[in-house]
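**Q** Mind having a look at this structure? Questions to follow.
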Amino acid sequence: MDLAALEQRAREELDGCTDEAGLRAWYSKYFGRQGEVQQALGRLKDVPPAERPVYGKEVNRIKETLTRDYEAKLAHVKELALTRSLAHDALDVTLPGRPVPRGRLHVATRVMREIRAIFADMGFQVYRSREVEDDLTNFELLNMPPHHPARDMWDTFHTTTPGVILRTHTSPGQIHVMRELCPEPIRVILPGMCYRYEAITQRSEIQFEQVEGLCVGQSVTMADLKGTIVAFARRLFGQGRQVRFRSSYFPFTEPSIEVDIDWPQEDPNADRLTKGTGWLEIMGAGMVHPVVLRNGGYDPDRFSGFAFGMGPQRITMLKYAIDDIRQFWGNDLQFLEQF
Ligand code: PHE
């Protein structure tokens, strides 16, 4: 067996390998189970005893050097392949990504959340109620029998089903909460959309949100109503604000009030907003009428309550000096992106 020839052939072929696949084929040709170097080792027993030590040493030397060179070359080839792929499929992971246009919450949603948060801090839960109502709950159970003149305060969208209407305010929700929770005490707000059959102008929309509030218990007084409203108004508009209560009329509260806040004189819009009075109305409120308490299942001799209702769109207009209510549902991005 010509070991020198074997070594030379193996080395030449190794030098000719240029990629990983070629190298691995070369390796199994010489070092696999039937590999030529393995076979050369196997022939040790056929060698005359005197020559065996020299022969064995030589085969082992060939085996070691070829293996070392093979491994070095394999590492080198892998390295080359990596460098090449990095250069070709260049991907700079440090490059900033293309900016994705980010959305934002509608200003009405933001103010609504602010209002909810303030009342949540005062222990009011949120109660959701329906937008499609019946005449009974929207009017009658709120102490407005058919033909009651106060119904004229709310121009109504009727459906083709008699008695089924779109709610004109969130107050019918009061009936739903009371009937569900009676005789437990109640402290909830009822936010949601309302509808009125009105001409759409700068100041009135056919669709708008309201936040109703209702508190019912064994010793709820007008002082609780006033305290709650002042705390709310100051958190929403600023601690220094003055709050004014005027007597008013709603069929479902007795006594009824309307609530104003003072408007900073330094605001250039102050005169227009307050019509020169310095005060701006933010909500209607009052003590829940005994008839309404009874309709909700509560005995008015043992229970009392207060309720209020406000329009967050109106409040948002005040807060951000928006002068046209139609902006809210007009989907004008130039308007919406300001908030
Ligand atoms: N529902 C009344 C409105 O829409 C507001 C209100 C609510 C007044 C609760 C008093 C008590 O105008």
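Residue numbers start at 1 in each chain; chains themselves are named A, B, ... in the order of the structure tokens; ligands are numbered from 1 in the order shown.
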If the limit is 9 Å from any atom of ligand 1, counting only C-alpha atoms and all ligand atoms, which residues qualify? Return them as a count of residues only.

**A** 34

**Q** Select from stretch 232-309 of chain A every residue with an atom at most 12 Å from any atom of stretch 317-320 of chain A, then for each give the shortest pair of atoms and their distance in Å to one decimal, using only C-alpha atoms, rows by chain and rising number, as a tab-separated table.

**A**
```
residue	atom	partner	partner_atom	distance
A:Ala233	CA	A:Lys319	CA	11.5
A:Leu236	CA	A:Lys319	CA	8.8
A:Phe237	CA	A:Lys319	CA	7.4
A:Gly238	CA	A:Lys319	CA	10.5
A:Ile261	CA	A:Leu318	CA	10.6
A:Asp262	CA	A:Leu318	CA	11.4
A:Trp263	CA	A:Leu318	CA	9.3
A:Pro264	CA	A:Leu318	CA	11.3
A:Asp267	CA	A:Leu318	CA	11.1
A:Asn269	CA	A:Leu318	CA	9.8
A:Ala270	CA	A:Leu318	CA	10.0
A:Arg272	CA	A:Leu318	CA	11.5
A:Leu273	CA	A:Leu318	CA	8.2
A:Thr274	CA	A:Leu318	CA	10.4
A:Trp279	CA	A:Leu318	CA	11.7
A:Leu280	CA	A:Leu318	CA	8.9
A:Glu281	CA	A:Leu318	CA	10.2
A:Ile282	CA	A:Leu318	CA	9.2
```

**Q** Write out as a PyMOL selection string all residues of stretch 50-134 of chain A that backbone DSSP assigns to helix (DSSP H, G or I).

**A** chain A and resi 52-88+107-121

**Q** Among stretch 95-337 of chain A, which ones does DSSP assign to strand (DSSP E) (computed from the backbone)? Answer as a PyMOL selection string.

**A** chain A and resi 125-126+132-134+164-166+186-195+207-217+243-250+253-262+279-288+304-310

**Q** Point out the residue among A:Val291, A:Val216, A:Leu66, A:Cys17 with the least atom-to-atom distance to A:Val177, counting only C-alpha atoms.

**A**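 Comparing A:Val291, A:Val216, A:Leu66, A:Cys17 against A:Val177, the winner is A:Val216.
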
**Q** Could you work out how far atom CA of A:Arg294 lies from atom CA of A:Leu166, giving the answer in Å with one decimal?

**A**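 So the two atoms, atom CA of A:Leu166 and atom CA of A:Arg294, lie 24.1 Å apart.
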